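> mmCIF, C-alpha atoms and all ligand atoms, file start_28.cif:
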```
data_my_file
#
loop_
_atom_site.label_atom_id
_atom_site.label_comp_id
_atom_site.auth_asym_id
_atom_site.auth_seq_id
_atom_site.Cartn_x
_atom_site.Cartn_y
_atom_site.Cartn_z
CA MET A 1 0.00 0.00 0.00
CA LYS A 2 1.47 3.30 -1.16
CA PHE A 3 -0.20 5.90 1.11
CA LYS A 4 -0.23 6.06 4.90
CA LYS A 5 -1.60 9.46 5.76
CA ILE A 6 -4.38 11.18 3.82
CA VAL A 7 -5.72 14.71 4.21
CA ILE A 8 -8.96 15.45 2.39
CA LEU A 9 -10.30 18.97 1.91
CA THR A 10 -13.96 19.35 0.95
CA GLY A 11 -15.94 22.38 -0.18
CA ALA A 12 -19.48 23.30 -1.09
CA GLY A 13 -19.37 21.13 -4.25
CA ILE A 14 -19.58 17.90 -2.23
CA SER A 15 -22.94 18.99 -0.76
CA ALA A 16 -24.32 20.45 -4.01
CA GLU A 17 -26.07 17.22 -5.07
CA SER A 18 -27.66 17.00 -1.61
CA GLY A 19 -29.43 20.24 -2.57
CA ILE A 20 -27.32 22.76 -0.62
CA GLN A 21 -26.37 25.75 -2.75
CA THR A 22 -22.72 26.51 -3.37
CA PHE A 23 -21.56 30.09 -2.83
CA ARG A 24 -20.24 30.95 -6.26
CA GLY A 25 -21.55 30.10 -9.73
CA PRO A 26 -24.79 31.15 -11.45
CA LYS A 27 -27.06 29.52 -8.84
CA GLY A 28 -24.75 30.28 -5.89
CA LEU A 29 -25.86 31.92 -2.64
CA TRP A 30 -23.89 35.08 -3.44
CA GLN A 31 -26.19 35.75 -6.40
CA LYS A 32 -29.07 36.14 -3.91
CA TYR A 33 -27.33 37.78 -0.96
CA ARG A 34 -24.50 40.29 -0.69
CA LEU A 35 -21.82 38.67 1.43
CA GLU A 36 -21.10 42.10 2.97
CA ASP A 37 -24.67 42.06 4.37
CA VAL A 38 -24.64 38.64 6.01
CA ALA A 39 -21.17 37.15 6.33
CA THR A 40 -18.87 39.72 7.91
CA PRO A 41 -18.35 40.80 11.54
CA GLU A 42 -19.19 44.36 10.45
CA ALA A 43 -22.59 43.23 9.11
CA PHE A 44 -23.31 41.47 12.40
CA ALA A 45 -22.38 44.57 14.40
CA ARG A 46 -24.57 46.74 12.15
CA GLN A 47 -27.67 44.53 11.86
CA PRO A 48 -27.45 41.40 14.05
CA ASP A 49 -31.03 40.30 13.42
CA VAL A 50 -30.59 40.36 9.62
CA VAL A 51 -27.51 38.17 9.99
CA HIS A 52 -29.28 35.88 12.49
CA ALA A 53 -32.25 35.58 10.09
CA PHE A 54 -29.92 34.45 7.26
CA TYR A 55 -28.34 31.72 9.42
CA ASN A 56 -31.69 30.80 11.09
CA GLN A 57 -33.05 30.08 7.62
CA ARG A 58 -30.03 27.99 6.63
CA ARG A 59 -30.11 26.09 9.95
CA LEU A 60 -33.82 25.37 9.47
CA GLU A 61 -33.28 24.14 5.90
CA LEU A 62 -30.48 21.78 6.94
CA ALA A 63 -32.96 19.17 8.19
CA LYS A 64 -34.32 18.60 4.70
CA TYR A 65 -30.94 17.74 3.16
CA ARG A 66 -29.38 14.28 3.30
CA PRO A 67 -25.78 13.13 2.87
CA ASN A 68 -25.08 11.87 -0.64
CA ALA A 69 -22.95 9.05 -2.06
CA ALA A 70 -19.81 11.23 -1.90
CA HIS A 71 -20.20 11.90 1.86
CA TYR A 72 -20.81 8.17 2.47
CA ALA A 73 -17.79 7.17 0.38
CA LEU A 74 -15.47 9.38 2.49
CA ALA A 75 -16.88 7.89 5.71
CA GLN A 76 -16.24 4.41 4.28
CA LEU A 77 -12.67 5.42 3.41
CA GLU A 78 -12.07 6.55 6.99
CA ARG A 79 -13.45 3.23 8.33
CA GLU A 80 -11.61 0.92 5.95
CA PHE A 81 -8.32 2.65 5.18
CA PRO A 82 -5.59 1.15 7.39
CA GLY A 83 -3.68 4.45 7.69
CA GLU A 84 -4.81 7.87 8.89
CA VAL A 85 -7.57 9.89 7.20
CA LEU A 86 -8.21 13.50 8.25
CA LEU A 87 -11.18 15.24 6.70
CA VAL A 88 -11.04 19.04 6.67
CA THR A 89 -14.20 20.70 5.46
CA GLN A 90 -15.00 24.28 4.53
CA ASN A 91 -18.67 23.37 4.76
CA VAL A 92 -20.77 24.46 7.69
CA ASP A 93 -23.41 21.77 7.09
CA ASP A 94 -23.37 18.51 9.08
CA LEU A 95 -23.61 16.07 6.16
CA HIS A 96 -20.14 14.55 6.70
CA GLU A 97 -20.94 13.61 10.30
CA ARG A 98 -24.38 12.34 9.37
CA ALA A 99 -22.69 10.08 6.79
CA GLY A 100 -20.42 8.70 9.54
CA SER A 101 -17.15 10.67 9.25
CA LYS A 102 -15.46 11.02 12.65
CA ASN A 103 -11.99 12.49 12.14
CA LEU A 104 -13.35 15.79 10.86
CA LEU A 105 -12.46 19.45 11.28
CA HIS A 106 -14.91 22.22 10.32
CA MET A 107 -12.45 24.99 9.49
CA HIS A 108 -15.22 27.54 8.71
CA GLY A 109 -17.44 26.67 11.67
CA GLU A 110 -20.75 24.86 11.96
CA LEU A 111 -24.33 25.95 11.32
CA LEU A 112 -25.55 23.83 14.24
CA LYS A 113 -23.39 25.65 16.78
CA VAL A 114 -23.53 29.11 18.33
CA ARG A 115 -20.86 30.95 20.27
CA CYS A 116 -21.23 33.45 23.09
CA GLU A 117 -19.06 36.54 22.69
CA ALA A 118 -19.38 37.24 26.42
CA CYS A 119 -18.28 33.90 27.90
CA ASN A 120 -16.60 32.51 24.73
CA LYS A 121 -18.33 29.11 25.08
CA ILE A 122 -19.60 27.15 22.07
CA PHE A 123 -23.01 25.43 22.21
CA ASN A 124 -24.83 22.94 19.99
CA HIS A 125 -27.91 24.74 18.75
CA ASN A 126 -30.67 23.60 16.46
CA GLY A 127 -33.21 26.41 16.31
CA PRO A 128 -33.51 30.11 15.64
CA VAL A 129 -31.36 32.70 17.41
CA PHE A 130 -32.24 36.38 17.88
CA SER A 131 -30.30 39.23 19.40
CA SER A 132 -32.62 38.84 22.42
CA THR A 133 -31.69 35.15 22.94
CA ALA A 134 -29.91 34.51 26.25
CA CYS A 135 -26.66 32.53 26.30
CA PRO A 136 -27.35 29.05 27.75
CA GLY A 137 -24.05 29.31 29.67
CA CYS A 138 -23.75 32.82 31.14
CA SER A 139 -27.40 33.92 30.58
CA GLN A 140 -26.36 37.25 29.06
CA LYS A 141 -28.49 38.50 26.19
CA GLY A 142 -27.21 39.92 22.90
CA TYR A 143 -23.92 38.02 22.78
CA LEU A 144 -24.77 34.85 20.86
CA ARG A 145 -23.49 34.64 17.29
CA PRO A 146 -23.44 31.89 14.68
CA HIS A 147 -20.32 29.71 15.10
CA ILE A 148 -19.32 30.56 11.55
CA VAL A 149 -16.04 31.98 10.29
CA TRP A 150 -16.98 35.17 8.47
CA PHE A 151 -14.98 36.98 5.80
CA GLY A 152 -12.08 38.73 7.47
CA GLU A 153 -11.95 36.20 10.35
CA SER A 154 -9.38 33.50 10.91
CA PRO A 155 -10.34 29.89 10.08
CA LEU A 156 -10.43 27.35 12.91
CA PHE A 157 -7.94 24.50 13.62
CA LEU A 158 -5.25 25.96 11.33
CA GLU A 159 -2.35 24.73 13.46
CA GLU A 160 -3.69 21.18 13.43
CA ILE A 161 -4.40 21.35 9.70
CA TYR A 162 -0.96 22.69 8.79
CA ALA A 163 0.70 19.97 10.88
CA ALA A 164 -1.37 17.30 9.08
CA LEU A 165 -0.55 18.79 5.65
CA LYS A 166 3.16 18.78 6.42
CA SER A 167 3.10 15.09 7.27
CA CYS A 168 0.59 13.65 4.78
CA ASP A 169 1.53 11.63 1.70
CA LEU A 170 -1.79 12.08 -0.12
CA PHE A 171 -3.82 15.28 -0.35
CA VAL A 172 -7.25 15.22 -1.98
CA SER A 173 -9.33 18.30 -2.69
CA ILE A 174 -13.03 17.78 -3.42
CA GLY A 175 -15.72 20.21 -4.63
CA THR A 176 -13.95 23.46 -3.93
CA SER A 177 -13.35 26.37 -6.28
CA GLY A 178 -9.85 27.10 -4.95
CA THR A 179 -10.65 30.78 -4.48
CA VAL A 180 -11.01 31.07 -0.69
CA TYR A 181 -7.70 31.23 1.21
CA PRO A 182 -6.08 29.77 3.22
CA ALA A 183 -7.87 26.55 2.11
CA ALA A 184 -6.94 27.19 -1.54
CA GLY A 185 -3.26 27.18 -0.52
CA PHE A 186 -3.35 23.78 1.24
CA VAL A 187 -2.35 22.02 -1.98
CA LEU A 188 0.89 24.01 -2.10
CA LEU A 189 1.82 23.04 1.47
CA ALA A 190 1.02 19.38 0.82
CA ARG A 191 3.08 19.47 -2.39
CA GLU A 192 6.02 21.02 -0.60
CA ALA A 193 5.78 18.21 1.95
CA GLY A 194 6.07 15.71 -0.91
CA ALA A 195 2.43 14.54 -0.92
CA TRP A 196 0.69 13.32 -4.06
CA CYS A 197 -2.14 15.79 -4.76
CA ILE A 198 -5.45 14.93 -6.43
CA GLU A 199 -8.31 17.23 -7.37
CA LEU A 200 -11.90 15.96 -7.68
CA ASN A 201 -14.30 18.66 -8.84
CA LEU A 202 -16.98 19.45 -11.37
CA GLU A 203 -14.49 21.54 -13.35
CA PRO A 204 -10.86 22.66 -12.99
CA SER A 205 -10.52 24.87 -9.90
CA ALA A 206 -8.53 28.11 -9.77
CA VAL A 207 -5.53 26.13 -8.46
CA ALA A 208 -5.97 23.02 -10.64
CA GLU A 209 -2.46 23.18 -12.12
CA LEU A 210 -0.95 22.54 -8.67
CA PHE A 211 -2.44 19.02 -8.52
CA HIS A 212 -0.71 15.93 -9.91
CA GLU A 213 -3.93 14.17 -10.87
CA HIS A 214 -7.49 15.34 -11.66
CA TYR A 215 -10.93 13.73 -11.94
CA TYR A 216 -13.78 15.94 -13.12
CA GLY A 217 -17.48 15.24 -12.80
CA PRO A 218 -20.26 15.29 -10.18
CA ALA A 219 -19.06 14.36 -6.69
CA THR A 220 -21.62 11.53 -6.31
CA ARG A 221 -19.95 9.74 -9.23
CA VAL A 222 -16.30 10.80 -8.98
CA VAL A 223 -15.80 10.43 -5.20
CA PRO A 224 -17.19 6.86 -4.77
CA ASN A 225 -15.12 5.75 -7.81
CA PHE A 226 -12.01 7.32 -6.35
CA VAL A 227 -12.56 5.73 -2.91
CA LYS A 228 -13.14 2.34 -4.52
CA LYS A 229 -9.85 2.65 -6.41
CA LEU A 230 -7.95 3.76 -3.32
CA LEU A 231 -9.34 0.94 -1.16
CA ALA A 232 -8.53 -1.58 -3.90
CA LEU A 233 -4.87 -0.54 -3.54
CA ILE A 234 -4.89 -1.90 0.03
CA SER A 235 -5.04 -5.45 -1.22
CA ASP A 236 -2.25 -4.85 -3.79
P1 LIG B 301 -17.57 27.46 -4.02
O1 LIG B 301 -19.04 27.74 -4.16
O2 LIG B 301 -16.62 28.56 -4.22
O3 LIG B 301 -17.15 26.32 -5.08
C1 LIG B 301 -17.81 25.12 -5.19
C2 LIG B 301 -17.05 24.24 -6.15
O4 LIG B 301 -17.75 23.01 -6.24
C3 LIG B 301 -16.92 24.79 -7.59
O5 LIG B 301 -15.59 24.65 -8.04
C4 LIG B 301 -17.86 23.91 -8.40
O6 LIG B 301 -17.37 23.65 -9.71
C5 LIG B 301 -17.86 22.62 -7.60
N1 LIG B 301 -19.08 21.84 -7.73
C6 LIG B 301 -20.35 22.28 -7.91
N2 LIG B 301 -21.19 21.24 -7.98
C7 LIG B 301 -20.45 20.12 -7.83
C8 LIG B 301 -20.73 18.73 -7.83
N3 LIG B 301 -21.98 18.28 -7.99
N4 LIG B 301 -19.72 17.86 -7.68
C9 LIG B 301 -18.44 18.30 -7.52
N5 LIG B 301 -18.10 19.61 -7.52
C10 LIG B 301 -19.09 20.50 -7.67
O7 LIG B 301 -17.39 26.74 -2.61
P2 LIG B 301 -16.08 26.49 -1.78
O8 LIG B 301 -14.89 26.31 -2.63
O9 LIG B 301 -16.41 25.50 -0.74
O10 LIG B 301 -15.95 27.94 -1.13
C11 LIG B 301 -15.58 28.02 0.04
C12 LIG B 301 -16.69 28.69 0.90
O11 LIG B 301 -18.01 28.21 0.67
C13 LIG B 301 -16.42 28.34 2.28
O12 LIG B 301 -16.34 29.51 3.02
C14 LIG B 301 -17.59 27.49 2.76
O13 LIG B 301 -17.74 27.67 4.14
C15 LIG B 301 -18.68 27.99 1.93
N6 LIG B 301 -19.92 27.22 1.69
C16 LIG B 301 -20.32 26.12 2.43
C17 LIG B 301 -21.51 25.45 2.14
C18 LIG B 301 -21.95 24.25 2.97
O14 LIG B 301 -21.74 24.22 4.15
N7 LIG B 301 -22.54 23.23 2.33
C19 LIG B 301 -22.30 25.88 1.09
C20 LIG B 301 -21.89 27.00 0.36
C21 LIG B 301 -20.68 27.63 0.66
#
```
Could you rewrite the structure in this file as structure tokens?

Amino acid sequence: MKFKKIVILTGAGISAESGIQTFRGPKGLWQKYRLEDVATPEAFARQPDVVHAFYNQRRLELAKYRPNAAHYALAQLEREFPGEVLLVTQNVDDLHERAGSKNLLHMHGELLKVRCEACNKIFNHNGPVFSSTACPGCSQKGYLRPHIVWFGESPLFLEEIYAALKSCDLFVSIGTSGTVYPAAGFVLLAREAGAWCIELNLEPSAVAELFHEHYYGPATRVVPNFVKKLLALISD
């Protein structure tokens, strides 16, 4: 078996066939909303209830989406691969965990969590939040915010992710446009560490030329095929 340590980065494209809109592209969320109005700390300071309403709606909608064959294939890979598999997702949905992935880092936060800016604690939350909602920890009102990394904020778990990238021998990027940094730069770090880099996406991403190997097509087809091939290598 060639590989021992795999890091997989996923983006909105892996959840697209589950029905969740990607951000960019003709049907993307940013065609309907201005990111400056709903996804920046400044927007939240200016109009917290508008920002809460945007995330309340997305949290509510999450229940109607189901993991797809690509999410399930990655969970199977984690279960059956004899080495290490770390899944790093830019997605704030919970489809990877519902499919069974365990070794998972949400670098841009999670829709089903809120954070209190007064006591700094993070809570699981599956319902609407308003600026009048009291923190379940410290009881203060007006301090809860979506546990989402907004534009201009630093992604989560970066130290852990960089350490994993520096020591992996296979890096796989799935369903991401390669336009949001630092995630778009992960391939470069993995390459520098000597990892083999593979891109699975609907179309070439903005950083496609940095990958050694590419498979293009819908995630529900391309990802299960890829996992099957990788697991077949175990018996070689
Ligand atoms: P993006 O919208 O910029 O790009 C999505 C990529 O997926 C594109 O390259 C597109 O070609 C590809 N794609 C579309 N349909 C696909 C399919 N069926 N199969 C395979 N690939 C497909 O999204 P991104 O690169 O993840 O951008 C990063 C930002 O988007 C992050 O901040 C992330 O938090 C956010 N985001 C998350 C969700 C979610 O949680 N599901 C949804 C939208 C955006």
> With the cut-off set at 6 Å and counting all atoms listed in the file, tabulate each residue of chain A with an atom at most that distance from an atom of ligand LIG 301 (chain B), showing the nearest atom pair and its distance in Å to one decimal, ordered by chain and increasing number, as CSV.

```
residue,atom,partner,partner_atom,distance
A:Gly11,CA,B:LIG301,O9,3.2
A:Ala12,CA,B:LIG301,O9,3.8
A:Gly13,CA,B:LIG301,O4,3.2
A:Ile14,CA,B:LIG301,C9,5.4
A:Ser15,CA,B:LIG301,N7,5.3
A:Ala16,CA,B:LIG301,N3,5.1
A:Glu17,CA,B:LIG301,N3,5.1
A:Ile20,CA,B:LIG301,N7,5.6
A:Gln21,CA,B:LIG301,C20,5.6
A:Thr22,CA,B:LIG301,C20,3.9
A:Phe23,CA,B:LIG301,O1,3.7
A:Arg24,CA,B:LIG301,O1,4.0
A:Gln90,CA,B:LIG301,O13,4.4
A:Asn91,CA,B:LIG301,O14,3.2
A:Val92,CA,B:LIG301,O14,3.7
A:Asp93,CA,B:LIG301,O14,4.2
A:His108,CA,B:LIG301,O13,5.2
A:Gly175,CA,B:LIG301,N5,3.8
A:Thr176,CA,B:LIG301,O8,3.3
A:Ser177,CA,B:LIG301,O5,3.3
A:Gly178,CA,B:LIG301,O8,5.6
A:Val180,CA,B:LIG301,C11,5.5
A:Asn201,CA,B:LIG301,N5,4.1
A:Leu202,CA,B:LIG301,N5,4.0
A:Glu203,CA,B:LIG301,O6,5.1
A:Ser205,CA,B:LIG301,O5,5.4
A:Pro218,CA,B:LIG301,N4,3.6
A:Ala219,CA,B:LIG301,N4,3.7
```
> Near stretch 135-149 of chain A, within 9 Å and counting only C-alpha atoms, which residues show up once chain neighbours fewer than 3 positions away are dropped, as a PyMOL selection string?
chain A and resi 39-40+44+48+51-52+55+92+107-119+121-123+129-132+152-156
> Which residue gives the smallest distance to A:Phe226 among A:Asp94, A:Ala69, A:Trp150, A:Pro182, with only C-alpha atoms counted?
A:Ala69
> Name the residues in contact with A:Ala73 at a cut-off of 7 Å, using all atoms listed in the file, excluding same-chain residues fewer than 5 positions from it; report them as a PyMOL selection string.
chain A and resi 223-224+227
> Between A:Ala134, A:Ile161, A:Ala75, A:Ala70, which has the minimum distance to A:Gly217 (counting all atoms listed in the file)?
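Among the listed residues, the smallest separation from A:Gly217 belongs to A:Ala70.
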> Around (-9.5, 19.0, -5.8) in the file's own coordinates, what residues are found within 8 Å if you use only C-alpha atoms, given back as a ChimeraX atom specification?
/A:9,172-176,198-201,205,208,211,214
> Which polymer residues, whether protein, DNA or RNA, lie within 7 Å of the coordinate (-1.5, 13.8, -5.9) when you count only C-alpha atoms? List them as a ChimeraX atom specification, using the chain letters and numbers from the file.
/A:170-171,195-198,211-213
> Looking at A:Lys228, A:His125, A:Arg221, A:Lys102, which one is nearest to A:Arg79, with distances taken over all atoms listed in the file?
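With all atoms listed in the file as the atom set, the closest residue is A:Lys102.
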> Looking at only C-alpha atoms, which of A:Asn56, A:Val207, A:Val7, A:Glu159 is the one that sits closest to A:Gly185?
A:Val207
> Work out where the centre of an axis-aligned box around every listed atom of stretch 95-101 of chain A lies and how long its edges are once 8 Å is added on each side; give both in Å to one decimal as JSON.

```
{"center_x": -20.8, "center_y": 12.4, "center_z": 8.2, "size_x": 23.2, "size_y": 23.4, "size_z": 20.1}
```
